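As provided, query03.cif (mmCIF, C-alpha atoms (C1' of nucleotides)) reads as follows.
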data_data
#
loop_
_atom_site.label_atom_id
_atom_site.label_comp_id
_atom_site.auth_asym_id
_atom_site.auth_seq_id
_atom_site.Cartn_x
_atom_site.Cartn_y
_atom_site.Cartn_z
CA MET A 27 -11.98 -21.91 7.15
CA ALA A 28 -13.67 -22.33 3.81
CA ILE A 29 -13.58 -18.58 3.12
CA ARG A 30 -9.82 -18.65 3.18
CA GLU A 31 -9.62 -21.45 0.66
CA PHE A 32 -12.26 -19.95 -1.60
CA GLY A 33 -10.76 -16.47 -1.35
CA LEU A 34 -7.33 -17.76 -2.18
CA LYS A 35 -8.20 -20.11 -5.02
CA GLY A 36 -11.71 -19.25 -6.09
CA LEU A 37 -14.68 -21.54 -6.42
CA GLU A 38 -13.10 -23.79 -9.02
CA GLY A 39 -9.58 -23.73 -7.67
CA ALA A 40 -10.52 -24.62 -4.12
CA SER A 41 -10.89 -28.25 -3.23
CA THR A 42 -13.42 -29.64 -0.80
CA ARG A 43 -10.79 -32.07 0.35
CA SER A 44 -8.40 -29.43 1.61
CA ILE A 45 -11.23 -27.39 3.12
CA ALA A 46 -12.41 -30.42 5.01
CA ALA A 47 -8.87 -31.23 6.08
CA ALA A 48 -8.37 -27.68 7.38
CA ALA A 49 -11.63 -27.94 9.29
CA GLY A 50 -10.55 -31.26 10.76
CA THR A 51 -13.50 -33.15 9.39
CA ALA A 52 -14.34 -35.50 6.56
CA MET A 53 -15.05 -34.20 3.09
CA SER A 54 -18.45 -35.83 2.90
CA ALA A 55 -19.62 -33.61 5.76
CA ILE A 56 -19.66 -30.72 3.28
CA THR A 57 -22.06 -32.56 1.03
CA TYR A 58 -24.23 -33.43 4.00
CA HIS A 59 -24.43 -29.96 5.53
CA PHE A 60 -24.30 -27.68 2.51
CA GLY A 61 -25.39 -29.94 -0.31
CA GLY A 62 -22.07 -29.74 -2.11
CA LYS A 63 -19.24 -27.40 -2.97
CA GLU A 64 -21.41 -24.66 -4.38
CA GLY A 65 -23.66 -24.67 -1.36
CA LEU A 66 -20.64 -24.16 0.86
CA TYR A 67 -19.52 -21.31 -1.37
CA LEU A 68 -22.84 -19.51 -1.01
CA ALA A 69 -22.81 -20.12 2.73
CA ALA A 70 -19.39 -18.49 2.85
CA ALA A 71 -20.78 -15.49 0.96
CA ASP A 72 -23.64 -15.19 3.44
CA HIS A 73 -21.18 -15.31 6.30
CA ILE A 74 -19.12 -12.53 4.76
CA ALA A 75 -22.20 -10.41 4.17
CA ALA A 76 -23.34 -10.88 7.74
CA GLN A 77 -19.99 -9.98 9.24
CA LEU A 78 -19.68 -6.94 7.00
CA GLY A 79 -23.07 -5.91 8.24
CA GLU A 80 -21.98 -6.18 11.85
CA ASP A 81 -18.87 -4.11 11.25
CA MET A 82 -20.25 -1.37 9.04
CA GLY A 83 -23.78 -1.21 10.39
CA PRO A 84 -23.08 1.01 13.43
CA ALA A 85 -21.10 3.48 11.33
CA LEU A 86 -23.97 3.73 8.85
CA ASP A 87 -26.61 4.16 11.52
CA GLN A 88 -24.53 6.84 13.15
CA SER A 89 -24.18 8.63 9.84
CA ALA A 90 -27.89 8.51 9.20
CA THR A 91 -28.63 10.33 12.43
CA LEU A 92 -25.54 12.52 12.32
CA ALA A 93 -26.09 13.96 8.88
CA GLY A 94 -28.84 16.48 9.50
CA GLY A 95 -28.72 17.81 5.99
CA ASP A 96 -26.00 20.43 6.25
CA THR A 97 -22.83 20.07 4.23
CA ALA A 98 -20.49 20.04 7.21
CA SER A 99 -22.08 17.10 9.00
CA ALA A 100 -22.53 15.23 5.73
CA ARG A 101 -18.84 15.62 5.08
CA ALA A 102 -18.00 14.39 8.55
CA ALA A 103 -20.20 11.36 7.98
CA ILE A 104 -18.42 10.61 4.70
CA HIS A 105 -15.07 10.70 6.46
CA ALA A 106 -16.37 8.44 9.20
CA ILE A 107 -17.70 5.82 6.79
CA LEU A 108 -14.63 5.85 4.56
CA GLY A 109 -12.35 5.60 7.59
CA ARG A 110 -14.25 2.69 9.02
CA PHE A 111 -14.30 1.01 5.62
CA ALA A 112 -10.54 1.41 5.27
CA ASP A 113 -9.97 -0.06 8.73
CA LYS A 114 -12.18 -3.01 7.93
CA LEU A 115 -10.67 -3.61 4.52
CA MET A 116 -7.07 -3.57 5.68
CA GLN A 117 -7.66 -5.57 8.84
CA ALA A 118 -5.41 -8.60 8.71
CA ASP A 119 -8.07 -11.24 9.20
CA SER A 120 -10.25 -9.78 6.47
CA GLU A 121 -7.72 -10.61 3.80
CA SER A 122 -9.46 -13.82 2.78
CA LYS A 123 -12.83 -12.10 2.72
CA SER A 124 -11.51 -9.24 0.62
CA LEU A 125 -10.09 -11.67 -1.87
CA PHE A 126 -13.39 -13.51 -1.95
CA ILE A 127 -15.25 -10.30 -2.74
CA ILE A 128 -12.74 -9.12 -5.31
CA ARG A 129 -13.07 -12.41 -7.13
CA GLU A 130 -16.81 -11.99 -7.21
CA GLN A 131 -16.41 -8.45 -8.48
CA MET A 132 -14.62 -9.77 -11.54
CA HIS A 133 -17.20 -12.40 -12.35
CA PRO A 134 -20.27 -11.96 -10.21
CA THR A 135 -22.29 -15.02 -9.33
CA GLU A 136 -25.20 -15.42 -6.99
CA ALA A 137 -22.70 -15.01 -4.16
CA PHE A 138 -22.13 -11.40 -5.16
CA ASP A 139 -25.84 -10.64 -5.03
CA ARG A 140 -25.93 -11.87 -1.48
CA ILE A 141 -23.01 -9.69 -0.45
CA TYR A 142 -23.99 -6.56 -2.35
CA GLY A 143 -27.64 -6.92 -1.44
CA GLY A 144 -26.69 -6.65 2.21
CA MET A 145 -24.64 -4.01 3.92
CA MET A 146 -22.39 -3.29 0.95
CA GLY A 147 -25.06 -1.76 -1.24
CA GLN A 148 -26.45 0.03 1.77
CA MET A 149 -23.07 1.61 2.54
CA LEU A 150 -22.58 2.78 -1.04
CA GLU A 151 -26.08 4.23 -1.34
CA THR A 152 -25.64 6.04 1.95
CA LEU A 153 -22.39 7.51 0.67
CA VAL A 154 -24.10 8.72 -2.50
CA GLN A 155 -26.73 10.57 -0.51
CA LEU A 156 -24.09 12.10 1.74
CA VAL A 157 -22.01 13.18 -1.24
CA CYS A 158 -25.08 14.82 -2.72
CA ILE A 159 -25.53 16.86 0.44
CA ALA A 160 -21.84 17.58 0.98
CA SER A 161 -21.31 18.80 -2.55
CA GLY A 162 -24.28 21.09 -2.23
CA ASP A 163 -25.83 19.74 -5.39
CA ALA A 164 -28.50 17.23 -6.21
CA ASP A 165 -26.76 15.94 -9.34
CA GLU A 166 -27.07 12.31 -8.36
CA ALA A 167 -25.24 10.85 -11.35
CA ARG A 168 -22.20 12.93 -10.48
CA ALA A 169 -22.46 11.95 -6.85
CA ARG A 170 -22.44 8.28 -7.82
CA LEU A 171 -19.35 8.71 -9.94
CA LEU A 172 -17.68 10.67 -7.14
CA THR A 173 -18.48 7.91 -4.68
CA VAL A 174 -16.84 5.37 -6.96
CA THR A 175 -13.65 7.43 -7.08
CA PHE A 176 -13.69 7.81 -3.29
CA ILE A 177 -14.05 4.10 -2.73
CA GLY A 178 -11.40 3.43 -5.34
CA GLN A 179 -8.78 5.32 -3.38
CA ILE A 180 -9.23 2.84 -0.54
CA VAL A 181 -9.92 -0.34 -2.44
CA VAL A 182 -6.77 0.08 -4.51
CA LEU A 183 -4.67 -0.93 -1.53
CA ARG A 184 -6.40 -4.31 -1.59
CA ALA A 185 -7.05 -4.86 -5.26
CA SER A 186 -3.71 -3.54 -6.51
CA ARG A 187 -1.86 -4.32 -3.35
CA ALA A 188 1.36 -5.56 -4.88
CA SER A 189 1.79 -2.51 -7.11
CA SER A 190 0.79 -0.11 -4.38
CA LEU A 191 3.27 -1.53 -1.91
CA ARG A 192 6.09 -1.48 -4.40
CA LEU A 193 5.29 2.05 -5.39
CA MET A 194 5.28 3.17 -1.77
CA ARG A 195 8.40 1.18 -1.03
CA ARG A 196 6.72 -0.73 1.76
CA ASP A 197 6.60 -4.46 2.18
CA ALA A 198 3.39 -4.86 4.14
CA VAL A 199 0.20 -3.02 5.04
CA ASP A 200 0.65 -2.06 8.68
CA ALA A 201 -1.34 0.24 10.95
CA ALA A 202 0.82 3.26 10.15
CA LEU A 203 0.25 2.82 6.44
CA VAL A 204 -3.50 2.51 6.89
CA ASP A 205 -3.50 5.71 8.94
CA ASP A 206 -1.51 7.48 6.26
CA LEU A 207 -3.93 6.32 3.62
CA LYS A 208 -6.97 7.35 5.65
CA ALA A 209 -5.53 10.82 6.21
CA ARG A 210 -4.65 11.17 2.55
CA VAL A 211 -8.09 10.08 1.36
CA ALA A 212 -9.77 12.42 3.82
CA ALA A 213 -7.67 15.33 2.55
CA ASN A 214 -8.37 14.36 -1.05
CA VAL A 215 -12.12 14.14 -0.44
CA ASP A 216 -12.10 17.52 1.26
CA ALA A 217 -10.21 19.08 -1.62
CA ILE A 218 -12.59 17.60 -4.18
CA LEU A 219 -15.72 18.67 -2.30
CA ASP A 220 -14.31 22.15 -1.73
CA SER A 221 -13.62 22.60 -5.41
CA LEU A 222 -17.13 21.43 -6.30
CA ILE A 223 -18.69 23.92 -3.93
CA ALA A 224 -16.41 26.69 -5.18
CA THR A 225 -17.14 26.16 -8.87
CA ARG A 226 -20.83 25.94 -8.10
CA GLN A 227 -20.91 29.34 -6.46
CA GLU A 228 -18.57 31.18 -8.77
CA PRO A 229 -20.61 31.22 -11.99
CA ARG A 230 -23.45 33.16 -10.41
CA MET B 14 -5.81 -17.42 -26.22
CA ALA B 15 -4.10 -18.64 -23.11
CA ILE B 16 -4.34 -15.21 -21.44
CA ARG B 17 -8.09 -15.36 -21.58
CA GLU B 18 -8.22 -18.74 -19.90
CA PHE B 19 -5.64 -17.79 -17.27
CA GLY B 20 -7.25 -14.42 -16.62
CA LEU B 21 -10.66 -15.97 -16.20
CA LYS B 22 -9.74 -18.93 -14.08
CA GLY B 23 -6.27 -18.30 -12.75
CA LEU B 24 -3.21 -20.50 -12.99
CA GLU B 25 -4.73 -23.36 -11.08
CA GLY B 26 -8.25 -23.08 -12.44
CA ALA B 27 -7.23 -23.03 -16.08
CA SER B 28 -6.69 -26.32 -17.85
CA THR B 29 -4.12 -26.97 -20.51
CA ARG B 30 -6.66 -29.12 -22.31
CA SER B 31 -9.12 -26.28 -22.86
CA ILE B 32 -6.33 -23.83 -23.74
CA ALA B 33 -5.00 -26.23 -26.33
CA ALA B 34 -8.51 -26.85 -27.65
CA ALA B 35 -9.14 -23.10 -27.96
CA ALA B 36 -5.84 -22.73 -29.80
CA GLY B 37 -6.77 -25.57 -32.13
CA THR B 38 -3.75 -27.65 -31.26
CA ALA B 39 -2.86 -30.63 -29.14
CA MET B 40 -2.24 -30.25 -25.46
CA SER B 41 1.20 -31.76 -25.60
CA ALA B 42 2.33 -28.86 -27.77
CA ILE B 43 2.22 -26.70 -24.66
CA THR B 44 4.65 -28.96 -22.87
CA TYR B 45 6.92 -28.94 -25.89
CA HIS B 46 6.96 -25.19 -26.51
CA PHE B 47 6.71 -23.80 -23.02
CA GLY B 48 7.84 -26.66 -20.85
CA GLY B 49 4.48 -27.06 -19.15
CA LYS B 50 1.59 -25.11 -17.78
CA GLU B 51 3.67 -22.77 -15.65
CA GLY B 52 5.92 -21.92 -18.53
CA LEU B 53 2.90 -20.95 -20.58
CA TYR B 54 1.69 -18.82 -17.71
CA LEU B 55 4.95 -16.89 -17.56
CA ALA B 56 4.95 -16.51 -21.33
CA ALA B 57 1.48 -15.02 -21.06
CA ALA B 58 2.79 -12.58 -18.45
CA ASP B 59 5.64 -11.55 -20.74
CA HIS B 60 3.18 -11.00 -23.54
CA ILE B 61 1.03 -8.78 -21.36
CA ALA B 62 4.06 -6.79 -20.21
CA ALA B 63 5.21 -6.28 -23.78
CA GLN B 64 1.82 -5.13 -25.01
CA LEU B 65 1.43 -2.78 -22.06
CA GLY B 66 4.80 -1.36 -22.98
CA GLU B 67 3.68 -0.71 -26.53
CA ASP B 68 0.52 1.01 -25.43
CA MET B 69 1.83 3.12 -22.59
CA GLY B 70 5.35 3.74 -23.84
CA PRO B 71 4.58 6.65 -26.18
CA ALA B 72 2.54 8.45 -23.53
CA LEU B 73 5.40 8.11 -21.06
CA ASP B 74 8.02 9.32 -23.52
CA GLN B 75 5.86 12.26 -24.41
CA SER B 76 5.45 13.10 -20.75
CA ALA B 77 9.17 12.95 -20.16
CA THR B 78 9.83 15.56 -22.81
CA LEU B 79 6.67 17.55 -22.13
CA ALA B 80 7.22 18.06 -18.44
CA GLY B 81 9.86 20.72 -18.38
CA GLY B 82 9.76 21.11 -14.63
CA ASP B 83 7.01 23.63 -14.21
CA THR B 84 3.84 22.66 -12.36
CA ALA B 85 1.49 23.32 -15.27
CA SER B 86 3.15 21.00 -17.75
CA ALA B 87 3.67 18.36 -15.08
CA ARG B 88 -0.02 18.45 -14.35
CA ALA B 89 -0.84 18.15 -18.02
CA ALA B 90 1.44 15.14 -18.25
CA ILE B 91 -0.31 13.51 -15.29
CA HIS B 92 -3.65 13.95 -16.98
CA ALA B 93 -2.32 12.52 -20.20
CA ILE B 94 -0.90 9.42 -18.54
CA LEU B 95 -3.96 8.77 -16.40
CA GLY B 96 -6.24 9.24 -19.39
CA ARG B 97 -4.27 6.86 -21.51
CA PHE B 98 -4.17 4.37 -18.67
CA ALA B 99 -7.93 4.53 -18.25
CA ASP B 100 -8.46 4.00 -21.96
CA LYS B 101 -6.18 1.02 -21.96
CA LEU B 102 -7.64 -0.49 -18.82
CA MET B 103 -11.25 -0.27 -19.95
CA GLN B 104 -10.62 -1.34 -23.52
CA ALA B 105 -12.79 -4.35 -24.21
CA ASP B 106 -10.03 -6.68 -25.39
CA SER B 107 -7.92 -5.94 -22.35
CA GLU B 108 -10.42 -7.51 -20.00
CA SER B 109 -8.58 -10.81 -19.81
CA LYS B 110 -5.26 -9.06 -19.32
CA SER B 111 -6.65 -6.89 -16.55
CA LEU B 112 -8.01 -9.91 -14.78
CA PHE B 113 -4.65 -11.62 -15.16
CA ILE B 114 -2.88 -8.67 -13.56
CA ILE B 115 -5.42 -8.26 -10.78
CA ARG B 116 -5.03 -11.90 -9.91
CA GLU B 117 -1.29 -11.43 -9.68
CA GLN B 118 -1.77 -8.35 -7.51
CA MET B 119 -3.51 -10.47 -4.93
CA HIS B 120 -0.87 -13.14 -4.79
CA PRO B 121 2.18 -12.07 -6.74
CA THR B 122 4.27 -14.74 -8.37
CA GLU B 123 7.20 -14.42 -10.73
CA ALA B 124 4.69 -13.38 -13.38
CA PHE B 125 4.01 -10.17 -11.47
CA ASP B 126 7.70 -9.31 -11.37
CA ARG B 127 7.83 -9.56 -15.12
CA ILE B 128 4.85 -7.27 -15.56
CA TYR B 129 5.75 -4.72 -12.90
CA GLY B 130 9.40 -4.73 -13.86
CA GLY B 131 8.42 -3.55 -17.32
CA MET B 132 6.31 -0.61 -18.29
CA MET B 133 4.05 -0.75 -15.26
CA GLY B 134 6.68 0.23 -12.74
CA GLN B 135 8.02 2.79 -15.15
CA MET B 136 4.62 4.41 -15.51
CA LEU B 137 4.10 4.59 -11.76
CA GLU B 138 7.54 6.01 -11.07
CA THR B 139 7.05 8.60 -13.78
CA LEU B 140 3.78 9.59 -12.19
CA VAL B 141 5.46 9.98 -8.81
CA GLN B 142 8.02 12.37 -10.24
CA LEU B 143 5.34 14.36 -12.02
CA VAL B 144 3.24 14.55 -8.88
CA CYS B 145 6.28 15.85 -7.00
CA ILE B 146 6.64 18.65 -9.51
CA ALA B 147 2.94 19.37 -9.89
CA SER B 148 2.38 19.62 -6.16
CA GLY B 149 5.29 22.00 -5.85
CA ASP B 150 6.88 19.94 -3.14
CA ALA B 151 9.63 17.36 -3.01
CA ASP B 152 7.95 15.26 -0.33
CA GLU B 153 8.35 12.02 -2.19
CA ALA B 154 6.57 9.79 0.30
CA ARG B 155 3.47 11.93 0.00
CA ALA B 156 3.75 11.93 -3.79
CA ARG B 157 3.83 8.13 -3.78
CA LEU B 158 0.73 7.91 -1.64
CA LEU B 159 -1.00 10.47 -3.84
CA THR B 160 -0.13 8.47 -6.91
CA VAL B 161 -1.70 5.39 -5.37
CA THR B 162 -4.94 7.25 -4.75
CA PHE B 163 -4.91 8.60 -8.30
CA ILE B 164 -4.45 5.17 -9.82
CA GLY B 165 -7.07 3.79 -7.47
CA GLN B 166 -9.76 6.03 -8.89
CA ILE B 167 -9.25 4.38 -12.26
CA VAL B 168 -8.47 0.84 -11.26
CA VAL B 169 -11.63 0.62 -9.16
CA LEU B 170 -13.71 0.35 -12.31
CA ARG B 171 -11.88 -2.86 -13.13
CA ALA B 172 -11.22 -4.35 -9.72
CA SER B 173 -14.58 -3.50 -8.18
CA ARG B 174 -16.42 -3.47 -11.44
CA ALA B 175 -19.60 -5.16 -10.30
CA SER B 176 -20.09 -2.82 -7.35
CA SER B 177 -19.18 0.26 -9.36
CA LEU B 178 -21.62 -0.54 -12.13
CA ARG B 179 -24.45 -1.23 -9.73
CA LEU B 180 -23.73 1.96 -7.85
CA MET B 181 -23.76 3.97 -11.05
CA ARG B 182 -26.83 2.14 -12.29
CA ARG B 183 -25.11 1.07 -15.47
CA ASP B 184 -24.87 -2.41 -16.85
CA ALA B 185 -21.67 -2.19 -18.85
CA VAL B 186 -18.53 -0.10 -19.22
CA ASP B 187 -19.04 1.77 -22.49
CA ALA B 188 -17.12 4.63 -24.08
CA ALA B 189 -19.34 7.27 -22.53
CA LEU B 190 -18.75 5.90 -19.06
CA VAL B 191 -14.99 5.84 -19.56
CA ASP B 192 -15.10 9.45 -20.72
CA ASP B 193 -17.13 10.40 -17.67
CA LEU B 194 -14.65 8.67 -15.41
CA LYS B 195 -11.66 10.28 -17.09
CA ALA B 196 -13.19 13.74 -16.74
CA ARG B 197 -14.08 13.09 -13.12
CA VAL B 198 -10.60 11.83 -12.24
CA ALA B 199 -8.99 14.78 -13.99
CA ALA B 200 -11.16 17.21 -12.03
CA ASN B 201 -10.41 15.35 -8.80
CA VAL B 202 -6.68 15.41 -9.43
CA ASP B 203 -6.80 19.11 -10.20
CA ALA B 204 -8.71 19.83 -7.01
CA ILE B 205 -6.28 17.80 -4.93
CA LEU B 206 -3.19 19.40 -6.45
CA ASP B 207 -4.71 22.87 -6.11
CA SER B 208 -5.40 22.34 -2.43
CA LEU B 209 -1.85 21.07 -1.87
CA ILE B 210 -0.37 24.15 -3.51
CA ALA B 211 -2.72 26.44 -1.60
CA THR B 212 -1.98 25.00 1.83
CA ARG B 213 1.69 25.10 1.03
CA GLN B 214 1.69 28.82 0.33
CA GLU B 215 -0.72 29.94 3.00
CA PRO B 216 1.30 29.22 6.15
CA ARG B 217 4.08 31.60 5.12
"C1'" DG C 28 7.67 -30.41 -34.67
"C1'" DT C 29 3.08 -32.06 -33.94
"C1'" DC C 30 -0.36 -35.42 -32.65
"C1'" DT C 31 -2.18 -39.95 -30.25
"C1'" DA C 32 -2.21 -42.88 -26.51
"C1'" DT C 33 -1.46 -43.59 -21.92
"C1'" DA C 34 0.18 -43.26 -16.97
"C1'" DC C 35 -0.67 -41.08 -12.80
"C1'" DT C 36 -2.76 -37.95 -9.63
"C1'" DA C 37 -6.54 -35.35 -7.59
"C1'" DC C 38 -11.12 -33.79 -7.79
"C1'" DG C 39 -16.44 -34.04 -6.28
"C1'" DA C 40 -20.08 -36.98 -5.16
"C1'" DT C 41 -22.21 -40.98 -3.28
"C1'" DA C 42 -23.09 -45.35 -0.84
"C1'" DG C 43 -22.81 -47.72 3.21
"C1'" DA C 44 -20.77 -48.78 7.96
"C1'" DC C 45 -21.12 -47.03 12.56
"C1'" DG D 9 -24.76 -37.13 11.94
"C1'" DT D 10 -20.14 -38.43 10.83
"C1'" DC D 11 -16.54 -41.14 8.74
"C1'" DT D 12 -14.49 -44.69 5.20
"C1'" DA D 13 -14.38 -46.60 0.76
"C1'" DT D 14 -15.10 -46.20 -3.87
"C1'" DC D 15 -16.70 -44.55 -8.50
"C1'" DG D 16 -16.39 -41.64 -12.46
"C1'" DT D 17 -14.28 -37.60 -14.32
"C1'" DA D 18 -10.68 -34.40 -15.42
"C1'" DG D 19 -6.15 -32.67 -14.74
"C1'" DT D 20 -0.73 -32.67 -16.23
"C1'" DA D 21 2.94 -34.90 -18.13
"C1'" DT D 22 5.26 -38.22 -20.94
"C1'" DA D 23 6.39 -41.69 -24.38
"C1'" DG D 24 6.25 -42.91 -28.95
"C1'" DA D 25 4.18 -42.79 -33.81
"C1'" DC D 26 4.43 -39.91 -37.84
#

Can you dump the structure from the file as structure tokens?
Amino acid sequence: MAIREFGLKGLEGASTRSIAAAAGTAMSAITYHFGGKEGLYLAAADHIAAQLGEDMGPALDQSATLAGGDTASARAAIHAILGRFADKLMQADSESKSLFIIREQMHPTEAFDRIYGGMMGQMLETLVQLVCIASGDADEARARLLTVTFIGQIVVLRASRASSLRLMRRDAVDAALVDDLKARVAANVDAILDSLIATRQEPR
Amino acid sequence: MAIREFGLKGLEGASTRSIAAAAGTAMSAITYHFGGKEGLYLAAADHIAAQLGEDMGPALDQSATLAGGDTASARAAIHAILGRFADKLMQADSESKSLFIIREQMHPTEAFDRIYGGMMGQMLETLVQLVCIASGDADEARARLLTVTFIGQIVVLRASRASSLRLMRRDAVDAALVDDLKARVAANVDAILDSLIATRQEPR
DNA sequence: GTCTATACTACGATAGAC
DNA sequence: GTCTATCGTAGTATAGAC
């Protein structure tokens, strides 16, 4: 698929010839259907955004109804979203898509707008609101920074995969490793939220 | 510089012509001095590794002497290393280098070996040992996973920069933002280590 | 040692056959 | 609609002048 080629080599590095060859069709079909290389690139971004929406949408909807406003259910919702996100991110077939997105993160183009404008931004904003509730404080700026550090603990296994694997003395990201990471992140998040609640109540 | 071109466009995307033009010399000089494009790429990797060594080396040495074995000094050393790492990573002129490394993380080549084999691996291994001490437990596998999540909280601002900035409603990574991140990560690390020590002593 | 000129390959886009 | 043929451009590498 085109996503694989684009994810692997980027917009400039990928060649329409090899994409067409992989798809078993002629190169000129790309020009006809998508209006050129860039059109295909944006179409790939839309496809990624749509699929991410399908996969994360249910978890977000569930969180919206689940989090009634109390800290406990908000925390549970955070764990649910982060867990689902980790599963999705480490899933074998999402490798190409992850690479595609990471490339766009470095130098955003219109393709990034299409991805972030969809379910990705929605997931992050939902997390911010949940963190606000779970930390028992309405300091939104802090909640946004916290959310970034939460996401970072998961994303690192994709973005800095080679270093992470070497450091953990593993040679691939398998199901057991993902479970370990999810458990670790959940424990970390709990510890961080607990400390925030504790320091908030102490100074009174 | 060549690193900028390689970091921006990758090995395949970069062109020796534009690199040579930016360096104010003829393209064939690259072939002569480095034996071709790939040779230049590896030379760039070596340069990055060397500079990273210069910048992180002192902090690591200091940590080695500072951490006498007690949890408090180990924790201080962790904070020092992570802080220095964040400074280095977000430094404006290191943007190209960061992109270079992140690219290699996705699909490691020999260039990654040269970078990781230098100061990068040394920094991570040092952190693992410090985390072992600071958490008051010799469970090395857990310390390695913890280290990954610590690094992730910092790296995310580079690897997922576009998303992070949008989420935090900022439009650039300035000094104030880096300070905020450093403080947040330090607080997070403290909370995580505290909870590990607490749960370790409770069950007795 | 460094530059100029050139050979060779691969790219994206387009025109035209079917 | 889809494929084949071809054009113009840009890439790396090399040979040879200086």

| request: Around the point (-17.3, -42.2, 9.8) in the file's coordinates, collect all residues with an atom within 12 Å, using only C-alpha atoms (C1' of nucleotides), and return them as a list in words. | output: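 Nearby residues: Thr51, Ala52, Met53, Ser54 and Ala55 of chain A; DG43, DA44 and DC45 of chain C; DG9, DT10, DC11, DT12 and DA13 of chain D.
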
| If the PyMOL selection byres ((chain A) within 12 of (chain C)) is run on the structure shown, which residues does it catch, given as a list in words? | Glu38, Gly39, Ala40, Ser41, Thr42, Arg43, Ser44, Met53, Ser54, Ala55, Ile56, Thr57, Tyr58, Gly61, Gly62, Lys63 and Glu64 of chain A

Pull C-alpha atoms from the residues just selected and write them as a CSV table (one decimal), in the frame of the given file.
chain,number,residue,atom,x,y,z
A,38,GLU,CA,-13.1,-23.8,-9.0
A,39,GLY,CA,-9.6,-23.7,-7.7
A,40,ALA,CA,-10.5,-24.6,-4.1
A,41,SER,CA,-10.9,-28.2,-3.2
A,42,THR,CA,-13.4,-29.6,-0.8
A,43,ARG,CA,-10.8,-32.1,0.4
A,44,SER,CA,-8.4,-29.4,1.6
A,53,MET,CA,-15.0,-34.2,3.1
A,54,SER,CA,-18.4,-35.8,2.9
A,55,ALA,CA,-19.6,-33.6,5.8
A,56,ILE,CA,-19.7,-30.7,3.3
A,57,THR,CA,-22.1,-32.6,1.0
A,58,TYR,CA,-24.2,-33.4,4.0
A,61,GLY,CA,-25.4,-29.9,-0.3
A,62,GLY,CA,-22.1,-29.7,-2.1
A,63,LYS,CA,-19.2,-27.4,-3.0
A,64,GLU,CA,-21.4,-24.7,-4.4

| What gap, in Å, lies between atom CA of B:Thr162 and atom CA of A:Leu172? | 13.4 Å

| request: Have a look at atom CA of B:Leu65 and atom CA of A:Gln179 and let me know their distance in Å, one decimal. | output: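 About the pair atom CA of B:Leu65 and atom CA of A:Gln179: they are 22.8 Å apart.
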
| message | Show me, as a PyMOL selection string, every residue of chain D with an atom at most 10 Å from chain B, counting only C-alpha atoms (C1' of nucleotides). | response | chain D and resi 18-22

| request: Report the residues retrieved by the PyMOL selection byres ((chain B) within 6 of (chain A)) from the displayed file, expressed as a list in words. | output: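 On the file shown, the PyMOL selection byres ((chain B) within 6 of (chain A)) covers Glu25, Gly26, Gln118, Arg157, Thr162, Gly165, Gln166, Val169, Ser173, Arg174, Ala175, Met181, Asn201, Ala204, Ile205 and Ser208 of chain B.
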
| query | How far is it from atom CA of A:Ala98 to atom CA of A:Val157, in Å with one decimal? | reply |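 Taking atom CA of A:Ala98 as the start and atom CA of A:Val157 as the end point, the length is 11.0 Å.
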
| task | I need the residue set behind the PyMOL selection byres ((chain B and resi 59) around 12) for this file; please write it as a PyMOL selection string. | result | chain B and resi 16+52-58+60-66+110+113-114+123-132

| Exercise: A:Leu156 partners within 12 Å, only C-alpha atoms (C1' of nucleotides), chain neighbours under 4 positions left out, as number ranges by chain | A: 86, 89-108, 149-152, 160-164, 166, 169-170, 172-173, 219

| message | Ranking A:Ala201, A:Met27, A:Ile223, A:Leu115 by minimum distance to A:Ile159 and counting only C-alpha atoms, which one comes first? | response | A:Ile223
